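Printed here is start-v6.cif (mmCIF, C-alpha atoms):
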data_protein
#
loop_
_atom_site.group_PDB
_atom_site.id
_atom_site.type_symbol
_atom_site.label_atom_id
_atom_site.label_comp_id
_atom_site.auth_asym_id
_atom_site.auth_seq_id
_atom_site.Cartn_x
_atom_site.Cartn_y
_atom_site.Cartn_z
ATOM 1 C CA MET A 75 17.888 -29.813 -31.566
ATOM 2 C CA HIS A 76 18.688 -26.411 -32.825
ATOM 3 C CA SER A 77 19.059 -22.949 -31.410
ATOM 4 C CA PHE A 78 18.659 -19.441 -32.685
ATOM 5 C CA ILE A 79 22.387 -18.896 -32.288
ATOM 6 C CA HIS A 80 23.035 -21.665 -34.793
ATOM 7 C CA SER A 81 20.664 -19.930 -37.211
ATOM 8 C CA VAL A 82 22.493 -16.583 -37.353
ATOM 9 C CA GLY A 83 23.736 -17.320 -40.857
ATOM 10 C CA ALA A 84 20.279 -18.205 -42.056
ATOM 11 C CA LEU A 85 18.850 -15.088 -40.436
ATOM 12 C CA PHE A 86 21.403 -12.881 -42.166
ATOM 13 C CA LEU A 87 20.573 -14.526 -45.487
ATOM 14 C CA LEU A 88 16.886 -13.933 -44.846
ATOM 15 C CA PHE A 89 17.602 -10.288 -44.015
ATOM 16 C CA LEU A 90 19.343 -9.837 -47.346
ATOM 17 C CA LEU A 91 16.533 -11.634 -49.142
ATOM 18 C CA CYS A 92 14.040 -9.270 -47.566
ATOM 19 C CA GLN A 93 15.706 -6.130 -48.938
ATOM 20 C CA PRO A 94 14.139 -5.094 -52.258
ATOM 21 C CA ALA A 95 16.481 -3.280 -54.637
ATOM 22 C CA GLN A 96 13.606 -1.092 -55.695
ATOM 23 C CA ALA A 97 9.874 -0.817 -55.372
ATOM 24 C CA GLY A 98 8.019 -3.582 -57.146
ATOM 25 C CA ASP A 99 10.664 -6.300 -56.664
ATOM 26 C CA ILE A 100 8.357 -8.168 -54.285
ATOM 27 C CA PRO A 101 4.659 -8.640 -55.039
ATOM 28 C CA GLU A 102 2.527 -6.375 -52.880
ATOM 29 C CA THR A 103 -0.213 -8.931 -52.339
ATOM 30 C CA GLY A 104 -0.750 -8.165 -48.672
ATOM 31 C CA GLY A 105 -1.358 -11.893 -48.405
ATOM 32 C CA GLN A 106 -1.709 -13.890 -45.215
ATOM 33 C CA ALA A 107 -0.247 -17.316 -44.499
ATOM 34 C CA VAL A 108 0.176 -19.799 -41.672
ATOM 35 C CA VAL A 109 3.282 -21.850 -40.915
ATOM 36 C CA LEU A 110 2.694 -25.022 -38.891
ATOM 37 C CA ALA A 111 6.091 -25.513 -37.241
ATOM 38 C CA ALA A 112 6.396 -29.013 -35.779
ATOM 39 C CA PHE A 113 9.447 -30.919 -34.583
ATOM 40 C CA GLY A 114 8.776 -33.467 -37.316
ATOM 41 C CA THR A 115 9.178 -37.233 -37.592
ATOM 42 C CA THR A 116 11.146 -39.601 -39.796
ATOM 43 C CA VAL A 117 8.491 -42.337 -39.452
ATOM 44 C CA PRO A 118 6.156 -42.272 -42.485
ATOM 45 C CA LYS A 119 3.180 -43.801 -40.701
ATOM 46 C CA ALA A 120 3.508 -41.192 -37.943
ATOM 47 C CA LEU A 121 3.025 -38.274 -40.363
ATOM 48 C CA PRO A 122 -0.799 -38.179 -39.956
ATOM 49 C CA GLY A 123 -0.213 -36.688 -36.511
ATOM 50 C CA ILE A 124 1.070 -33.567 -38.279
ATOM 51 C CA LEU A 125 -0.848 -33.757 -41.545
ATOM 52 C CA ASN A 126 -4.204 -33.956 -39.772
ATOM 53 C CA ILE A 127 -3.480 -30.715 -37.921
ATOM 54 C CA ARG A 128 -2.416 -29.028 -41.174
ATOM 55 C CA ASP A 129 -5.501 -30.293 -42.992
ATOM 56 C CA ARG A 130 -7.883 -29.082 -40.294
ATOM 57 C CA LEU A 131 -6.295 -25.631 -40.269
ATOM 58 C CA GLN A 132 -6.466 -25.514 -44.064
ATOM 59 C CA ARG A 133 -10.113 -26.579 -44.186
ATOM 60 C CA GLN A 134 -11.009 -23.860 -41.715
ATOM 61 C CA TYR A 135 -9.180 -21.206 -43.774
ATOM 62 C CA PRO A 136 -9.189 -22.425 -47.392
ATOM 63 C CA GLN A 137 -7.912 -19.121 -48.788
ATOM 64 C CA THR A 138 -4.914 -18.993 -46.447
ATOM 65 C CA PRO A 139 -1.873 -21.142 -47.344
ATOM 66 C CA VAL A 140 -0.858 -23.419 -44.467
ATOM 67 C CA LYS A 141 2.747 -24.579 -44.861
ATOM 68 C CA ILE A 142 4.464 -27.266 -42.783
ATOM 69 C CA ALA A 143 7.953 -26.631 -41.377
ATOM 70 C CA PHE A 144 10.060 -29.023 -39.289
ATOM 71 C CA THR A 145 12.154 -27.502 -36.518
ATOM 72 C CA SER A 146 14.458 -30.543 -36.314
ATOM 73 C CA ASN A 147 17.516 -30.279 -38.555
ATOM 74 C CA ILE A 148 18.065 -34.037 -38.395
ATOM 75 C CA VAL A 149 14.512 -34.902 -39.407
ATOM 76 C CA ARG A 150 14.607 -32.499 -42.356
ATOM 77 C CA ARG A 151 17.851 -33.982 -43.649
ATOM 78 C CA VAL A 152 16.390 -37.492 -43.530
ATOM 79 C CA TRP A 153 13.410 -36.477 -45.668
ATOM 80 C CA GLN A 154 15.528 -34.477 -48.093
ATOM 81 C CA LYS A 155 17.802 -37.493 -48.564
ATOM 82 C CA ARG A 156 14.766 -39.694 -49.207
ATOM 83 C CA ARG A 157 13.695 -37.357 -52.002
ATOM 84 C CA GLY A 158 16.128 -39.129 -54.304
ATOM 85 C CA ASP A 159 15.278 -42.625 -53.085
ATOM 86 C CA THR A 160 12.843 -43.930 -55.696
ATOM 87 C CA ALA A 161 12.409 -47.252 -53.863
ATOM 88 C CA PHE A 162 11.399 -45.486 -50.661
ATOM 89 C CA ILE A 163 8.987 -43.213 -52.503
ATOM 90 C CA LYS A 164 7.389 -46.181 -54.236
ATOM 91 C CA GLU A 165 7.096 -48.034 -50.926
ATOM 92 C CA HIS A 166 5.431 -45.055 -49.213
ATOM 93 C CA PRO A 167 2.988 -43.561 -51.750
ATOM 94 C CA GLY A 168 0.997 -41.828 -49.005
ATOM 95 C CA VAL A 169 3.795 -39.400 -48.121
ATOM 96 C CA PRO A 170 2.918 -35.956 -49.538
ATOM 97 C CA ALA A 171 5.433 -34.481 -51.958
ATOM 98 C CA ASP A 172 6.024 -31.406 -49.784
ATOM 99 C CA ILE A 173 7.356 -33.574 -46.941
ATOM 100 C CA PHE A 174 10.313 -34.624 -49.108
ATOM 101 C CA THR A 175 11.249 -30.960 -49.530
ATOM 102 C CA VAL A 176 10.247 -29.797 -46.041
ATOM 103 C CA GLN A 177 12.241 -26.845 -44.739
ATOM 104 C CA GLY A 178 12.827 -25.204 -41.385
ATOM 105 C CA PRO A 179 10.710 -22.302 -40.136
ATOM 106 C CA LEU A 180 13.223 -19.657 -41.296
ATOM 107 C CA ALA A 181 13.309 -20.904 -44.876
ATOM 108 C CA THR A 182 9.554 -21.479 -44.983
ATOM 109 C CA ILE A 183 8.874 -17.959 -43.772
ATOM 110 C CA ALA A 184 11.423 -16.563 -46.242
ATOM 111 C CA ASN A 185 9.731 -18.320 -49.158
ATOM 112 C CA LEU A 186 6.316 -16.997 -48.152
ATOM 113 C CA GLN A 187 7.641 -13.485 -47.693
ATOM 114 C CA ASP A 188 9.372 -13.643 -51.062
ATOM 115 C CA ALA A 189 6.044 -14.648 -52.636
ATOM 116 C CA GLY A 190 4.388 -11.554 -51.190
ATOM 117 C CA TYR A 191 2.886 -12.873 -47.959
ATOM 118 C CA ARG A 192 3.592 -10.199 -45.377
ATOM 119 C CA THR A 193 1.208 -11.281 -42.615
ATOM 120 C CA ILE A 194 2.289 -14.647 -41.254
ATOM 121 C CA ILE A 195 1.190 -16.553 -38.178
ATOM 122 C CA VAL A 196 3.491 -19.311 -36.992
ATOM 123 C CA GLN A 197 1.514 -22.015 -35.187
ATOM 124 C CA PRO A 198 3.776 -24.364 -33.218
ATOM 125 C CA GLY A 199 2.947 -28.035 -33.470
ATOM 126 C CA HIS A 200 4.806 -28.681 -30.234
ATOM 127 C CA ILE A 201 3.137 -30.009 -27.100
ATOM 128 C CA SER A 202 4.847 -27.833 -24.494
ATOM 129 C CA ALA A 203 6.874 -24.638 -24.238
ATOM 130 C CA GLY A 204 10.164 -26.524 -24.222
ATOM 131 C CA GLU A 205 13.441 -26.010 -26.054
ATOM 132 C CA GLU A 206 12.078 -26.357 -29.583
ATOM 133 C CA TYR A 207 9.305 -23.838 -28.917
ATOM 134 C CA LEU A 208 11.589 -21.357 -27.132
ATOM 135 C CA ASP A 209 14.166 -21.481 -29.939
ATOM 136 C CA LEU A 210 11.364 -20.943 -32.449
ATOM 137 C CA ALA A 211 10.107 -17.997 -30.397
ATOM 138 C CA ALA A 212 13.592 -16.429 -30.426
ATOM 139 C CA SER A 213 13.751 -16.698 -34.213
ATOM 140 C CA ILE A 214 10.288 -15.233 -34.766
ATOM 141 C CA ASP A 215 10.951 -12.398 -32.346
ATOM 142 C CA ALA A 216 14.139 -11.484 -34.210
ATOM 143 C CA LEU A 217 12.569 -11.694 -37.675
ATOM 144 C CA GLY A 218 9.510 -9.750 -36.614
ATOM 145 C CA GLY A 219 11.754 -6.967 -35.352
ATOM 146 C CA ILE A 220 13.376 -6.248 -38.727
ATOM 147 C CA ARG A 221 12.803 -2.599 -39.671
ATOM 148 C CA THR A 222 13.933 -1.063 -42.943
ATOM 149 C CA ILE A 223 14.788 2.598 -43.564
ATOM 150 C CA LYS A 224 11.554 3.018 -45.493
ATOM 151 C CA ALA A 225 8.674 1.460 -43.595
ATOM 152 C CA ARG A 226 6.973 0.277 -46.763
ATOM 153 C CA PHE A 227 9.902 -2.064 -47.361
ATOM 154 C CA ASN A 228 9.600 -3.819 -44.002
ATOM 155 C CA PRO A 229 9.582 -7.520 -44.861
ATOM 156 C CA PHE A 230 6.501 -8.176 -42.736
ATOM 157 C CA GLU A 231 3.381 -6.311 -41.808
ATOM 158 C CA GLN A 232 2.934 -8.864 -39.027
ATOM 159 C CA LEU A 233 4.902 -11.955 -38.098
ATOM 160 C CA VAL A 234 3.461 -13.459 -34.943
ATOM 161 C CA LEU A 235 3.888 -16.659 -32.986
ATOM 162 C CA SER A 236 1.015 -18.651 -31.528
ATOM 163 C CA ARG A 237 1.437 -21.025 -28.578
ATOM 164 C CA PRO A 238 2.012 -24.761 -28.171
ATOM 165 C CA ALA A 239 -0.752 -27.110 -27.086
ATOM 166 C CA MET A 240 -0.081 -26.809 -23.349
ATOM 167 C CA GLY A 241 0.124 -23.017 -23.524
ATOM 168 C CA THR A 242 2.671 -20.520 -22.275
ATOM 169 C CA ALA A 243 3.174 -18.231 -19.295
ATOM 170 C CA GLY A 244 1.051 -15.091 -19.050
ATOM 171 C CA GLU A 245 -2.318 -13.718 -18.023
ATOM 172 C CA GLN A 246 -3.973 -13.288 -21.411
ATOM 173 C CA HIS A 247 -4.456 -17.000 -22.058
ATOM 174 C CA PRO A 248 -3.996 -18.931 -18.785
ATOM 175 C CA TYR A 249 -2.103 -22.165 -19.381
ATOM 176 C CA ALA A 250 -4.521 -24.065 -17.114
ATOM 177 C CA ASP A 251 -7.310 -23.311 -19.586
ATOM 178 C CA ASP A 252 -5.201 -24.885 -22.342
ATOM 179 C CA LEU A 253 -4.540 -27.956 -20.191
ATOM 180 C CA THR A 254 -8.280 -28.287 -19.620
ATOM 181 C CA LEU A 255 -8.932 -27.937 -23.340
ATOM 182 C CA ILE A 256 -6.517 -30.803 -24.014
ATOM 183 C CA ALA A 257 -8.084 -32.941 -21.293
ATOM 184 C CA GLN A 258 -11.521 -32.414 -22.802
ATOM 185 C CA ALA A 259 -10.178 -33.381 -26.223
ATOM 186 C CA LEU A 260 -8.866 -36.669 -24.803
ATOM 187 C CA ALA A 261 -12.174 -37.892 -23.374
ATOM 188 C CA GLY A 262 -11.962 -40.846 -25.750
ATOM 189 C CA ASP A 263 -8.746 -42.048 -24.114
ATOM 190 C CA ALA A 264 -10.410 -42.145 -20.703
ATOM 191 C CA ALA A 265 -13.432 -43.929 -22.178
ATOM 192 C CA LEU A 266 -11.204 -46.556 -23.808
ATOM 193 C CA ALA A 267 -9.349 -47.171 -20.543
ATOM 194 C CA GLU A 268 -12.638 -47.484 -18.656
ATOM 195 C CA LYS A 269 -13.987 -49.915 -21.255
ATOM 196 C CA HIS A 270 -11.007 -52.214 -20.698
ATOM 197 C CA GLY A 271 -10.867 -51.710 -16.935
ATOM 198 C CA SER A 272 -7.398 -50.226 -17.278
ATOM 199 C CA THR A 273 -5.354 -47.445 -15.810
ATOM 200 C CA LEU A 274 -4.376 -44.863 -18.444
ATOM 201 C CA LEU A 275 -0.671 -44.061 -18.599
ATOM 202 C CA TYR A 276 0.648 -41.423 -21.006
ATOM 203 C CA MET A 277 4.238 -41.252 -22.221
ATOM 204 C CA ALA A 278 5.338 -37.634 -22.721
ATOM 205 C CA HIS A 279 8.745 -36.494 -23.934
ATOM 206 C CA GLY A 280 9.829 -33.968 -21.305
ATOM 207 C CA ASN A 281 13.421 -32.853 -20.790
ATOM 208 C CA THR A 282 16.219 -33.048 -18.253
ATOM 209 C CA TYR A 283 17.101 -29.360 -17.997
ATOM 210 C CA MET A 284 13.823 -27.392 -17.748
ATOM 211 C CA PRO A 285 11.262 -27.528 -14.900
ATOM 212 C CA SER A 286 8.355 -28.684 -17.071
ATOM 213 C CA GLY A 287 7.145 -31.638 -14.987
ATOM 214 C CA SER A 288 4.637 -29.585 -13.008
ATOM 215 C CA ALA A 289 2.593 -28.786 -16.134
ATOM 216 C CA TYR A 290 2.335 -32.474 -17.016
ATOM 217 C CA LEU A 291 1.343 -33.362 -13.458
ATOM 218 C CA GLU A 292 -1.276 -30.616 -13.472
ATOM 219 C CA PHE A 293 -2.622 -31.994 -16.739
ATOM 220 C CA ALA A 294 -2.882 -35.463 -15.166
ATOM 221 C CA ALA A 295 -4.716 -33.956 -12.183
ATOM 222 C CA ILE A 296 -7.215 -32.295 -14.515
ATOM 223 C CA MET A 297 -7.742 -35.577 -16.352
ATOM 224 C CA ASN A 298 -8.411 -37.380 -13.064
ATOM 225 C CA ARG A 299 -10.871 -34.686 -12.040
ATOM 226 C CA LEU A 300 -12.750 -34.850 -15.346
ATOM 227 C CA TYR A 301 -12.731 -38.649 -15.551
ATOM 228 C CA PRO A 302 -12.838 -39.891 -11.934
ATOM 229 C CA ARG A 303 -13.729 -43.472 -12.906
ATOM 230 C CA VAL A 304 -10.264 -43.977 -14.440
ATOM 231 C CA LYS A 305 -6.851 -43.701 -12.810
ATOM 232 C CA ILE A 306 -4.715 -41.524 -15.093
ATOM 233 C CA TYR A 307 -0.964 -40.963 -14.893
ATOM 234 C CA ILE A 308 1.674 -39.308 -17.055
ATOM 235 C CA ALA A 309 5.399 -40.028 -17.111
ATOM 236 C CA LEU A 310 8.235 -38.525 -19.136
ATOM 237 C CA VAL A 311 10.961 -40.032 -21.287
ATOM 238 C CA GLU A 312 13.244 -37.279 -19.976
ATOM 239 C CA GLY A 313 12.906 -35.527 -16.640
ATOM 240 C CA TYR A 314 10.389 -35.736 -13.800
ATOM 241 C CA PRO A 315 8.158 -37.651 -13.348
ATOM 242 C CA SER A 316 9.873 -40.596 -15.034
ATOM 243 C CA LEU A 317 8.473 -44.098 -15.389
ATOM 244 C CA ASP A 318 10.553 -45.084 -12.346
ATOM 245 C CA ASP A 319 8.825 -42.319 -10.379
ATOM 246 C CA THR A 320 5.425 -43.539 -11.541
ATOM 247 C CA LEU A 321 5.780 -47.293 -10.995
ATOM 248 C CA PRO A 322 5.360 -47.049 -7.187
ATOM 249 C CA LEU A 323 2.134 -45.092 -7.723
ATOM 250 C CA LEU A 324 0.768 -47.851 -9.942
ATOM 251 C CA GLU A 325 1.670 -50.423 -7.326
ATOM 252 C CA GLN A 326 0.053 -48.434 -4.512
ATOM 253 C CA ALA A 327 -3.128 -48.050 -6.574
ATOM 254 C CA GLY A 328 -3.387 -51.810 -7.064
ATOM 255 C CA VAL A 329 -3.349 -51.491 -10.833
ATOM 256 C CA GLY A 330 -3.691 -54.676 -12.877
ATOM 257 C CA LYS A 331 -4.145 -53.409 -16.440
ATOM 258 C CA VAL A 332 -2.424 -50.474 -18.124
ATOM 259 C CA LEU A 333 -3.462 -48.667 -21.302
ATOM 260 C CA LEU A 334 -0.234 -47.115 -22.581
ATOM 261 C CA LYS A 335 -0.496 -44.170 -24.948
ATOM 262 C CA PRO A 336 1.875 -41.456 -26.257
ATOM 263 C CA PHE A 337 1.292 -37.892 -25.120
ATOM 264 C CA MET A 338 3.021 -36.674 -28.263
ATOM 265 C CA THR A 339 1.770 -35.138 -31.488
ATOM 266 C CA VAL A 340 3.118 -38.023 -33.548
ATOM 267 C CA ALA A 341 3.596 -41.728 -32.838
ATOM 268 C CA GLY A 342 7.221 -41.728 -33.966
ATOM 269 C CA ASP A 343 10.399 -43.399 -32.724
ATOM 270 C CA HIS A 344 9.671 -42.806 -29.032
ATOM 271 C CA THR A 345 6.273 -44.433 -29.361
ATOM 272 C CA LEU A 346 7.309 -47.370 -31.526
ATOM 273 C CA ASN A 347 10.521 -48.154 -29.639
ATOM 274 C CA ASP A 348 10.664 -46.572 -26.164
ATOM 275 C CA MET A 349 6.971 -47.095 -25.423
ATOM 276 C CA ALA A 350 5.667 -50.065 -27.413
ATOM 277 C CA GLY A 351 8.850 -51.833 -28.533
ATOM 278 C CA ASP A 352 9.634 -55.458 -27.740
ATOM 279 C CA GLU A 353 13.040 -54.669 -26.252
ATOM 280 C CA PRO A 354 13.426 -55.283 -22.491
ATOM 281 C CA GLU A 355 13.905 -51.563 -21.809
ATOM 282 C CA SER A 356 10.664 -50.423 -23.472
ATOM 283 C CA TRP A 357 7.872 -49.221 -21.182
ATOM 284 C CA LYS A 358 5.630 -52.027 -22.401
ATOM 285 C CA SER A 359 8.234 -54.646 -21.512
ATOM 286 C CA ILE A 360 9.051 -53.081 -18.144
ATOM 287 C CA LEU A 361 5.378 -52.980 -17.159
ATOM 288 C CA ALA A 362 4.748 -56.515 -18.425
ATOM 289 C CA ALA A 363 7.748 -57.799 -16.457
ATOM 290 C CA LYS A 364 6.167 -56.380 -13.312
ATOM 291 C CA GLY A 365 3.008 -58.337 -13.942
ATOM 292 C CA TYR A 366 0.791 -55.730 -15.559
ATOM 293 C CA GLU A 367 -1.444 -56.541 -18.497
ATOM 294 C CA VAL A 368 -0.429 -53.906 -21.038
ATOM 295 C CA MET A 369 -2.309 -52.599 -24.058
ATOM 296 C CA THR A 370 -0.527 -50.038 -26.250
ATOM 297 C CA VAL A 371 -2.149 -47.523 -28.589
ATOM 298 C CA PRO A 372 0.597 -46.259 -30.941
ATOM 299 C CA ARG A 373 -1.372 -43.286 -32.216
ATOM 300 C CA GLY A 374 -0.161 -39.684 -32.091
ATOM 301 C CA LEU A 375 -2.361 -37.067 -30.453
ATOM 302 C CA GLY A 376 -2.442 -35.102 -33.702
ATOM 303 C CA GLU A 377 -4.436 -37.899 -35.319
ATOM 304 C CA ASN A 378 -7.246 -37.135 -32.881
ATOM 305 C CA ASP A 379 -9.443 -34.444 -34.487
ATOM 306 C CA ALA A 380 -10.415 -32.951 -31.126
ATOM 307 C CA PHE A 381 -6.778 -32.602 -30.114
ATOM 308 C CA ALA A 382 -5.799 -31.234 -33.535
ATOM 309 C CA ASP A 383 -8.440 -28.568 -33.003
ATOM 310 C CA VAL A 384 -6.574 -27.374 -29.895
ATOM 311 C CA TYR A 385 -4.024 -25.932 -32.331
ATOM 312 C CA LEU A 386 -6.837 -24.439 -34.399
ATOM 313 C CA HIS A 387 -8.201 -22.854 -31.214
ATOM 314 C CA HIS A 388 -4.787 -21.350 -30.427
ATOM 315 C CA LEU A 389 -4.385 -20.097 -34.002
ATOM 316 C CA GLN A 390 -7.782 -18.417 -33.924
ATOM 317 C CA GLN A 391 -7.005 -16.681 -30.636
ATOM 318 C CA THR A 392 -3.613 -15.507 -31.915
ATOM 319 C CA ALA A 393 -5.195 -14.102 -35.067
ATOM 320 C CA SER A 394 -7.855 -12.307 -33.017
ATOM 321 C CA ASP A 395 -5.294 -10.950 -30.557
ATOM 322 C CA ASN A 396 -3.369 -9.376 -33.433
ATOM 323 C CA GLY A 397 -6.322 -8.115 -35.457
ATOM 324 C CA ILE A 398 -5.685 -10.642 -38.242
ATOM 325 C CA VAL A 399 -8.690 -11.919 -40.184
ATOM 326 C CA LEU A 400 -7.971 -15.280 -41.772
ATOM 327 C CA HIS A 401 -10.028 -16.535 -44.702
#

Mind converting the file's structure to structure tokens?
Amino acid sequence: MHSFIHSVGALFLLFLLCQPAQAGDIPETGGQAVVLAAFGTTVPKALPGILNIRDRLQRQYPQTPVKIAFTSNIVRRVWQKRRGDTAFIKEHPGVPADIFTVQGPLATIANLQDAGYRTIIVQPGHISAGEEYLDLAASIDALGGIRTIKARFNPFEQLVLSRPAMGTAGEQHPYADDLTLIAQALAGDAALAEKHGSTLLYMAHGNTYMPSGSAYLEFAAIMNRLYPRVKIYIALVEGYPSLDDTLPLLEQAGVGKVLLKPFMTVAGDHTLNDMAGDEPESWKSILAAKGYEVMTVPRGLGENDAFADVYLHHLQQTASDNGIVLH
């Protein structure tokens, strides 16, 4: 995790970088760019959950650079260390070169600004408006507020932040509409559960210090309303409702089979270990020990084109809200 406070040094460096010594130091391209800021993952086979979102944004706007940034300091360091590991690179030829040099949002924005891109939309790749999103929002708000003595030297014409998949508070774009959009994108999950006669149980990340559980529960309610032939639940790795909170509901419903799926952009460590691992404490093992027939689908939501397009939808609305025409 990171916070804006920890990024003060980087922000000051960016401020200095943004100050041209004289006119003409920075190309006046007036260019536009998009930064896809995701938490990231260290699991190579989980990367398609992020890359698919990037690729769909890029295909929609081929003339607008779409750059990936990872908000996790730890994840970035892992990939940067792997950059010099020739054996790892040879073993994972599908990893794009830019992942090995991935930077945080501040550095990514700085590089774009230095190259002359002064209109930048930051599209979060996060699921909910949790800590990572709120820290990102603090950084963007601070950077976007930089004003130079001469207005023409302002580092940005526009630097704006879009919203995570599950939306944010406010009247302009009601979060319930975003939850419905996600539920519609996940029709295939409900169909798969129905095909196998299973209950659908999502594993979401959550947290232990922010009241985010209600949004997940509302999402589950929308799913059950849209797909009434399938029982659908969601539980969190951290916070309420946990798996322990959900197990009694499964028992009361007389569930026999469970389709277990991550409600996360990528199928990373949480999915492979906490959800589908063979250890006794994994969700799969806990459910199996209670007599349920468990099928796991270790596939990140971002690999689903319809879900990836939720981020495209948010990006398009953010551009429209700010009078930005992407190409």

* **Reference answer for the PyMOL selection byres ((chain A and resi 186-201) around 6), as JSON, numbers by chain** => {"A": [101, 102, 103, 104, 105, 106, 107, 108, 109, 110, 111, 112, 183, 184, 185, 202, 230, 231, 232, 233, 234, 235, 236, 238, 239, 240]}

* So what does the PyMOL selection byres ((chain A and resi 350) around 12) actually pick up in this one, as a VMD selection string? -> chain A and resid 276 to 277 333 to 336 341 to 349 351 to 362 368 to 373

* Separation of atom CA of Leu317 of chain A from atom CA of Met297 of chain A, in Å and rounded to one decimal ->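 Value for the atom CA of Leu317 of chain A-atom CA of Met297 of chain A distance: 18.3 Å.
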
* Asked: At what distance in Å, to one decimal, does atom CA of Arg128 of chain A lie from atom CA of Val140 of chain A?
  ->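 So the answer is 6.7 Å.
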
* To do: Using atom CA of Gly178 of chain A and atom CA of Thr145 of chain A as the two end points, give the distance in Å to one decimal.
  => 5.4 Å

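Distance annotation: of A:Asp159, A:Asp209, A:Asp383, A:Asp172, the residue with the minimal separation from Gln258 of chain A is A:Asp383; atom set is only C-alpha atoms.
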
* Counting all atoms listed in the file, the option among A:Ser288, A:Asn298, A:Ala171, A:Leu131 closest to Gln390 of chain A -> A:Leu131

* Asked: If you apply the PyMOL selection byres ((chain A and resi 247-250) around 12) to this file, what residues do you get, as number ranges by chain?
  -> A: 202-203, 236-246, 251-257, 288-297, 387-388, 391-392, 395

* Can you work out which one of A:Ser394, A:Thr339, A:Ser213, A:Ser272 has the shortest atom-to-atom distance to Ala382 of chain A, counting only C-alpha atoms? => A:Thr339

* **Selected residue, from A:Tyr207, A:Phe174, A:Val169, A:Tyr307, that lies nearest to Ala120 of chain A when counting all atoms listed in the file** =>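 Among the listed residues, the smallest separation from Ala120 of chain A belongs to A:Val169.
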
* Nearby residues, (-11.3, -52.1, -17.8) file frame, 12 Å, only C-alpha atoms, as a list in words -> Ala264, Ala265, Leu266, Ala267, Glu268, Lys269, His270, Gly271, Ser272, Thr273, Leu274, Arg303, Val304, Lys305, Val329, Gly330, Lys331, Val332, Leu333, Glu367, Val368 and Met369 of chain A

* With distances taken over all atoms listed in the file, which of A:Phe337, A:Tyr366, A:Trp153, A:Phe113 is nearest to Leu260 of chain A? ->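 Of A:Phe337, A:Tyr366, A:Trp153, A:Phe113, the one nearest Leu260 of chain A is A:Phe337, counting all atoms listed in the file.
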
Name the residues in contact with segment 310-313 of chain A at a cut-off of 7 Å, using only C-alpha atoms, excluding same-chain residues fewer than 6 positions from it; report them as a PDB file with C-alpha atoms, in the frame of the given file.
ATOM      1  CA  MET A 277       4.238 -41.252 -22.221  1.00  0.00           C
ATOM      2  CA  ALA A 278       5.338 -37.634 -22.721  1.00  0.00           C
ATOM      3  CA  HIS A 279       8.745 -36.494 -23.934  1.00  0.00           C
ATOM      4  CA  GLY A 280       9.829 -33.968 -21.305  1.00  0.00           C
ATOM      5  CA  ASN A 281      13.421 -32.853 -20.790  1.00  0.00           C
ATOM      6  CA  THR A 282      16.219 -33.048 -18.253  1.00  0.00           C
TER       7      THR A 282
END

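Counting all atoms listed in the file, the residue from A:Gly328, A:Gly204, A:Pro229, A:Gly219 that sits nearest to Pro285 of chain A is A:Gly204.
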